[in-house]
Amino acid sequence: MKHHKSHSNKNVLLSLIIALICISSNAQEKELSWQALSAQYVFPEWFTEARFGIWVHWGAQSVPEYGGGWYARHMYQQDVGSQQFGKNAYAYHNKTYGHPSEKGFKDVIHQWKAEQLDTDNLLKYFTENLGAKYVMALANHHDHFDNFNSTHQPWNSVNVGPKRDIIGEFKKSADKYKIPFGVSSHDDRFLDWWRTAFGADTTGPLKSVPYDGHLTKTDGNGKWWEGLDPADLYGLAPHKRTPEWIEAMKDNWVLRHKELVIKYDVDMLWFDGYGFPYDEHGKAVSKAFYNHSLKKHGTIKAVVAGKIANEPAVLKDIERGVANDILSRPWQGTTTFTDWFYKKDKTSRHNARTVIEILIDMNSKNGNLLLNVELLPDGTIPPDHKVILDDIGAWVTLNGEAIYASKPWKVYGDNLYSSLKKPAYKNIDNADLEALEARSKKEKEEHYNNRTIESLAYGSEEVRFTTKEDVLYVFVLNPSDGMIELPTLGLNSAYATKEITAIRLIGSKADINFEQTGTELRLDVPANRPNNYAAVFEIIGAL
């Protein structure tokens with residue numbers, strides 16, 4: 001009897017253990033709310049230490065050589081109004097493909113073959129030559145076309161155009177090179193953006209002939225797009241869009257994007273526009289994304305990025321711009337050479353020098369640079385951009401110790417605003433904000449405040465700072481041989497600078513002459529430097 005009782009107790013104990021495991025398992029399976037996820041969210045180390053990433057903003061709109069970054073919209077407009085960056089699209093489309101009543105954007109997609117795309121080679125170049133620590137690829141643009149094997153959108157890159165899973169190939173290569181991989185979504189504005197496809201010429205021989213947005217699935221019989229419905233790409237004509245249809249479209253958006261982030265197991269989801277896409281729908285996708293990461297890793301290692309304010313679990317993103325000061329939370333700036341998609345309408349607004357300066361400025365303010373590489377439609381890097389990228393990569397590789405895992409100092413720079421060339425700004429530091437009231441409104445903005453090749457050059461004494469452990473790094477943005485003076489590094493500086501014991505120019509074995517006084521650090525920039533761009537000095541003792 002005693003043996004039987006002991007056996008019974010063991011069974012009860014075993015049942016309790018199983019029950020507890022089931023309860024724990026069920027708790028883990030239960031998705032946390034967005035509020036609960038936000039409460040525990042910490043930006044993952046892979047992102048905060050990366051400091052430099054590469055974006056491939058690439059799709060069917062890369063096929064036309066002219067017409068700006070919104071080609072799919074502007075090809076339907078004889079007059080683009082204030083959006084002059086797309087002024088060449090309509091004429092180019094008519095000349096190259098035909099009139100948009102017959103040959104619309106769907107036919108441009110059909111021309112996209114991506115025949116030279118080799119994601120392994122690209123990822124090898126991005127990581128080994130450029131020094132990128134994460135990579136992002138465009139999953140869909142405002143054109144509503146999915147660059148992945150989408151179950152919920154028949155107009156995708158596996159069914160149409162390249163007949164390849166673009167995102168899947170990038171993801172596989174990112175895993176091969178052990179680098180975090182993100183995707184960008186720009187799709188939430190497509191309903192308004194695509195209204196132009198339902199217009200018609202206002203002048204000329206085809207005046208009032210409807211563009212191909214009005215075509216139906218039946219119209220495709222016997223054509224290359226037979227079986228596809230143009231309404232799945234362009235949406236319904238505006239007058240047919242009932243509230244029920246719009247809500248169903250938003251639900252479909254959720255299904256598409258949950259599939260994107262979970263099936264492809266990405267590390268970053270980047271949203272264009274301002275606010276969550278379709279409000280709660282975008283938040284629902286973000287919640288599913290973070291819960292997926294939490295279940296996989298036990299902690300959230302994913303990043304949602306966008307121009308979304310007051311969300312502690314969302315990364316602040318600044319388009320073609322930089323923060324004006326050090327931000328307490330990590331952030332990211334994005335920039336590109338021309339119009340996001342590679343176009344020949346205008347030459348690049350950047351060269352290696354300006355991109356390097358932007359990277360330094362962002363890092364000094366606690367930000368990462370995500371640089372777009374504008375691929376040609378065949379999937380290769382344009383030769384003129386490759387020259388620029390090679391120079392950027394050489395500089396990043398040389399100075400990586402001052403970039404990766406770096407943190408901002410107490411102040412982001414010294415001798416600021418030297419390019420304004422005003423005596424009143426000489427030798428000011430970041431604390432002298434009153435002296436900067438003369439800056440224009442544009443200069444105080446963040447989005448689209450990037451310096452370009454047309455910007456006035458930095459003065460030879462203007463610098464930026466980063467730190468790593470007990471080392472201070474000084475980036476001389478526009479170096480010229482000779483002595484420079486840095487008031488922030490004087491022994492009596494407001495920033496409690498300690499006595500400097502050694503200074504080294506990264507990449508050089510030359511002795512660096514310097515003198516630290518109560519009011520400044522006098523630093524001799526040598527004529528022989530290892531690189532033609534910003535000179536980076538390692539400062540020992542100052543911290």
# chains A, B, ... in the order shown; residues from 1 in each chain; ligands from 1
>>> residues_around(residues="Asp325 in chain A", least_positions_apart="6", cutoff="9 Å", atoms="only C-alpha atoms", output="PyMOL selection string")
chain A and resi 364-366+411-412+430
>>> closest_atom_pairs(of="range 232-315 of chain A", to="range 198-212 of chain A", cutoff="12 Å", atoms="only C-alpha atoms", output="CSV")
residue,atom,partner,partner_atom,distance
A:Leu233,CA,A:Asp212,CA,11.0
A:Tyr234,CA,A:Phe198,CA,8.7
A:Gly235,CA,A:Phe198,CA,9.8
A:Leu236,CA,A:Phe198,CA,9.1
A:Ala237,CA,A:Phe198,CA,6.4
A:Pro238,CA,A:Phe198,CA,8.0
A:His239,CA,A:Phe198,CA,10.2
A:Lys240,CA,A:Phe198,CA,11.6
>>> closest_residue(among="A:Val476, A:Leu359, A:Ile300, A:Leu294", to="Ala323 in chain A", atoms="only C-alpha atoms")
A:Leu359
>>> select_by_dssp(residues="range 142-353 of chain A", states="strand (DSSP E or B)", output="JSON, numbers by chain")
{"A": [146, 156, 181, 182, 183, 184, 185, 200, 201, 207, 210, 268, 269, 270, 271, 272, 273, 274, 303, 304, 305, 306, 307, 314, 315, 316, 317, 318, 319, 331, 332, 333, 334, 335, 339, 341]}
>>> write_last_selection(atoms="N, CA and C atoms", output="compact mmCIF listing (two decimals), in the first residue's frame")
# COMPACT_ATOMS: atom_id res chain seq x y z
N ASP A 146 4.93 43.69 -55.20
CA ASP A 146 5.73 43.02 -54.18
C ASP A 146 6.96 42.36 -54.79
N ASN A 156 3.61 40.20 -58.27
CA ASN A 156 4.84 40.10 -57.50
C ASN A 156 5.97 39.63 -58.40
N PHE A 181 19.40 41.62 -41.88
CA PHE A 181 18.73 41.95 -43.13
C PHE A 181 17.37 42.59 -42.86
N GLY A 182 17.11 43.71 -43.53
CA GLY A 182 15.85 44.41 -43.37
C GLY A 182 15.11 44.56 -44.69
N VAL A 183 13.86 44.96 -44.60
CA VAL A 183 13.03 45.21 -45.78
C VAL A 183 12.33 46.55 -45.62
N SER A 184 12.11 47.23 -46.74
CA SER A 184 11.40 48.51 -46.68
C SER A 184 10.06 48.39 -47.39
N SER A 185 9.04 49.02 -46.80
CA SER A 185 7.69 49.03 -47.36
C SER A 185 7.24 50.47 -47.54
N ALA A 200 -6.39 60.53 -68.16
CA ALA A 200 -6.30 60.50 -69.61
C ALA A 200 -5.60 61.77 -70.05
N ASP A 201 -5.07 61.75 -71.29
CA ASP A 201 -4.45 62.96 -71.81
C ASP A 201 -5.46 64.09 -71.86
N LYS A 207 -6.39 62.53 -76.65
CA LYS A 207 -7.09 63.24 -75.58
C LYS A 207 -8.32 62.46 -75.14
N PRO A 210 -8.82 56.75 -71.94
CA PRO A 210 -8.45 56.36 -70.58
C PRO A 210 -7.11 55.61 -70.53
N MET A 268 14.78 43.96 -39.75
CA MET A 268 14.29 45.34 -39.72
C MET A 268 13.13 45.49 -40.69
N LEU A 269 12.12 46.25 -40.27
CA LEU A 269 11.01 46.63 -41.13
C LEU A 269 10.96 48.15 -41.16
N TRP A 270 11.20 48.72 -42.33
CA TRP A 270 11.28 50.17 -42.50
C TRP A 270 10.03 50.65 -43.22
N PHE A 271 9.34 51.62 -42.63
CA PHE A 271 8.14 52.19 -43.22
C PHE A 271 8.43 53.57 -43.80
N ASP A 272 7.93 53.82 -44.98
CA ASP A 272 7.98 55.15 -45.56
C ASP A 272 6.76 55.93 -45.05
N GLY A 273 6.69 57.21 -45.39
CA GLY A 273 5.56 58.00 -44.95
C GLY A 273 5.67 58.38 -43.49
N TYR A 274 4.63 58.99 -42.98
CA TYR A 274 4.62 59.50 -41.61
C TYR A 274 3.55 58.78 -40.81
N VAL A 303 13.91 45.50 -35.45
CA VAL A 303 13.78 46.95 -35.44
C VAL A 303 12.68 47.36 -36.41
N VAL A 304 11.75 48.17 -35.93
CA VAL A 304 10.78 48.86 -36.79
C VAL A 304 11.25 50.30 -36.91
N ALA A 305 11.38 50.79 -38.13
CA ALA A 305 11.89 52.15 -38.35
C ALA A 305 10.91 52.95 -39.18
N GLY A 306 10.87 54.25 -38.93
CA GLY A 306 10.01 55.11 -39.72
C GLY A 306 9.92 56.50 -39.14
N LYS A 307 9.19 57.35 -39.82
CA LYS A 307 8.95 58.72 -39.36
C LYS A 307 7.72 58.69 -38.45
N VAL A 314 10.00 52.28 -31.78
CA VAL A 314 10.20 52.56 -33.21
C VAL A 314 11.43 53.44 -33.38
N LEU A 315 12.28 53.07 -34.31
CA LEU A 315 13.49 53.82 -34.60
C LEU A 315 13.16 55.08 -35.41
N LYS A 316 13.63 56.21 -34.94
CA LYS A 316 13.45 57.45 -35.70
C LYS A 316 14.29 57.41 -36.96
N ASP A 317 13.66 57.70 -38.10
CA ASP A 317 14.34 57.70 -39.37
C ASP A 317 14.27 59.09 -39.99
N ILE A 318 15.40 59.59 -40.46
CA ILE A 318 15.46 60.91 -41.07
C ILE A 318 15.85 60.73 -42.54
N GLU A 319 14.97 61.15 -43.43
CA GLU A 319 15.21 60.94 -44.87
C GLU A 319 16.10 62.03 -45.43
N TRP A 331 19.08 56.46 -33.76
CA TRP A 331 18.27 56.90 -34.90
C TRP A 331 19.03 56.53 -36.17
N GLN A 332 18.38 56.75 -37.29
CA GLN A 332 18.97 56.38 -38.57
C GLN A 332 18.67 57.44 -39.61
N GLY A 333 19.67 57.75 -40.42
CA GLY A 333 19.47 58.65 -41.55
C GLY A 333 19.66 57.89 -42.85
N THR A 334 18.81 58.17 -43.83
CA THR A 334 18.92 57.52 -45.13
C THR A 334 19.30 58.54 -46.19
N THR A 335 20.10 58.11 -47.14
CA THR A 335 20.43 59.01 -48.24
C THR A 335 20.71 58.20 -49.49
N ASP A 339 17.77 59.77 -57.44
CA ASP A 339 16.34 59.81 -57.12
C ASP A 339 15.85 58.50 -56.51
N PHE A 341 15.65 55.43 -57.13
CA PHE A 341 15.90 54.52 -58.24
C PHE A 341 16.91 55.19 -59.17
>>> residues_around(residues="Val254 in chain A", least_positions_apart="3", cutoff="12 Å", atoms="only C-alpha atoms", output="VMD selection string")
chain A and resid 152 to 153 185 187 to 188 247 to 251 257 to 262 276 to 289
>>> residues_around(residues="range 171-176 of chain A", least_positions_apart="4", cutoff="9 Å", atoms="only C-alpha atoms", output="PDB file with N, CA and C atoms, in the first residue's frame")
ATOM      1  N   THR A 119      22.959  38.148 -55.752  1.00  0.00           N
ATOM      2  CA  THR A 119      22.914  38.699 -54.391  1.00  0.00           C
ATOM      3  C   THR A 119      24.121  38.277 -53.566  1.00  0.00           C
ATOM      4  N   ASP A 120      24.681  37.108 -53.846  1.00  0.00           N
ATOM      5  CA  ASP A 120      25.901  36.707 -53.128  1.00  0.00           C
ATOM      6  C   ASP A 120      27.036  37.687 -53.408  1.00  0.00           C
ATOM      7  N   ASN A 121      27.226  38.043 -54.664  1.00  0.00           N
ATOM      8  CA  ASN A 121      28.286  38.985 -55.014  1.00  0.00           C
ATOM      9  C   ASN A 121      28.027  40.356 -54.409  1.00  0.00           C
ATOM     10  N   LEU A 122      26.766  40.794 -54.431  1.00  0.00           N
ATOM     11  CA  LEU A 122      26.437  42.099 -53.848  1.00  0.00           C
ATOM     12  C   LEU A 122      26.692  42.109 -52.349  1.00  0.00           C
ATOM     13  N   LEU A 123      26.248  41.075 -51.658  1.00  0.00           N
ATOM     14  CA  LEU A 123      26.453  41.032 -50.201  1.00  0.00           C
ATOM     15  C   LEU A 123      27.930  40.926 -49.860  1.00  0.00           C
ATOM     16  N   LYS A 124      28.671  40.215 -50.661  1.00  0.00           N
ATOM     17  CA  LYS A 124      30.121  40.134 -50.447  1.00  0.00           C
ATOM     18  C   LYS A 124      30.741  41.517 -50.582  1.00  0.00           C
ATOM     19  N   TYR A 134      24.777  46.007 -41.878  1.00  0.00           N
ATOM     20  CA  TYR A 134      23.438  45.464 -42.120  1.00  0.00           C
ATOM     21  C   TYR A 134      23.006  45.906 -43.510  1.00  0.00           C
ATOM     22  N   VAL A 135      22.046  45.181 -44.079  1.00  0.00           N
ATOM     23  CA  VAL A 135      21.599  45.424 -45.444  1.00  0.00           C
ATOM     24  C   VAL A 135      20.076  45.424 -45.472  1.00  0.00           C
ATOM     25  N   ILE A 166      12.991  38.186 -55.190  1.00  0.00           N
ATOM     26  CA  ILE A 166      14.072  39.148 -54.933  1.00  0.00           C
ATOM     27  C   ILE A 166      14.433  39.199 -53.450  1.00  0.00           C
ATOM     28  N   ILE A 167      13.423  39.373 -52.605  1.00  0.00           N
ATOM     29  CA  ILE A 167      13.684  39.456 -51.164  1.00  0.00           C
ATOM     30  C   ILE A 167      14.250  38.135 -50.652  1.00  0.00           C
ATOM     31  N   PRO A 180      22.690  41.168 -40.524  1.00  0.00           N
ATOM     32  CA  PRO A 180      21.260  41.453 -40.361  1.00  0.00           C
ATOM     33  C   PRO A 180      20.647  41.988 -41.651  1.00  0.00           C
ATOM     34  N   PHE A 181      19.397  41.618 -41.878  1.00  0.00           N
ATOM     35  CA  PHE A 181      18.728  41.952 -43.134  1.00  0.00           C
ATOM     36  C   PHE A 181      17.370  42.592 -42.863  1.00  0.00           C
ATOM     37  N   GLY A 182      17.114  43.706 -43.527  1.00  0.00           N
ATOM     38  CA  GLY A 182      15.847  44.408 -43.374  1.00  0.00           C
ATOM     39  C   GLY A 182      15.113  44.562 -44.686  1.00  0.00           C
ATOM     40  N   TYR A 264      10.087  35.533 -44.154  1.00  0.00           N
ATOM     41  CA  TYR A 264      11.472  35.829 -44.518  1.00  0.00           C
ATOM     42  C   TYR A 264      12.348  36.107 -43.294  1.00  0.00           C
ATOM     43  N   ASP A 265      11.727  36.126 -42.116  1.00  0.00           N
ATOM     44  CA  ASP A 265      12.458  36.228 -40.847  1.00  0.00           C
ATOM     45  C   ASP A 265      13.474  37.373 -40.885  1.00  0.00           C
ATOM     46  N   VAL A 266      12.982  38.585 -41.147  1.00  0.00           N
ATOM     47  CA  VAL A 266      13.868  39.732 -41.318  1.00  0.00           C
ATOM     48  C   VAL A 266      14.205  40.363 -39.969  1.00  0.00           C
TER      49      VAL A 266
END
>>> closest_residue(among="A:Asn531, A:Ser33, A:Ile540, A:Asp524", to="Glu469 in chain A", atoms="only C-alpha atoms")
A:Ile540
>>> atom_distance(atom1="CA of Gly321 in chain A", atom2="CA of Thr452 in chain A")
10.6 Å
>>> closest_residue(among="A:Arg241, A:Lys343, A:Lys103, A:Lys509", to="Ser62 in chain A", atoms="only C-alpha atoms")
A:Lys343
>>> select_by_dssp(residues="range 204-380 of chain A", states="alpha helix (DSSP H)", output="ChimeraX atom specification")
/A:230-234,243-263,280-297,352-364
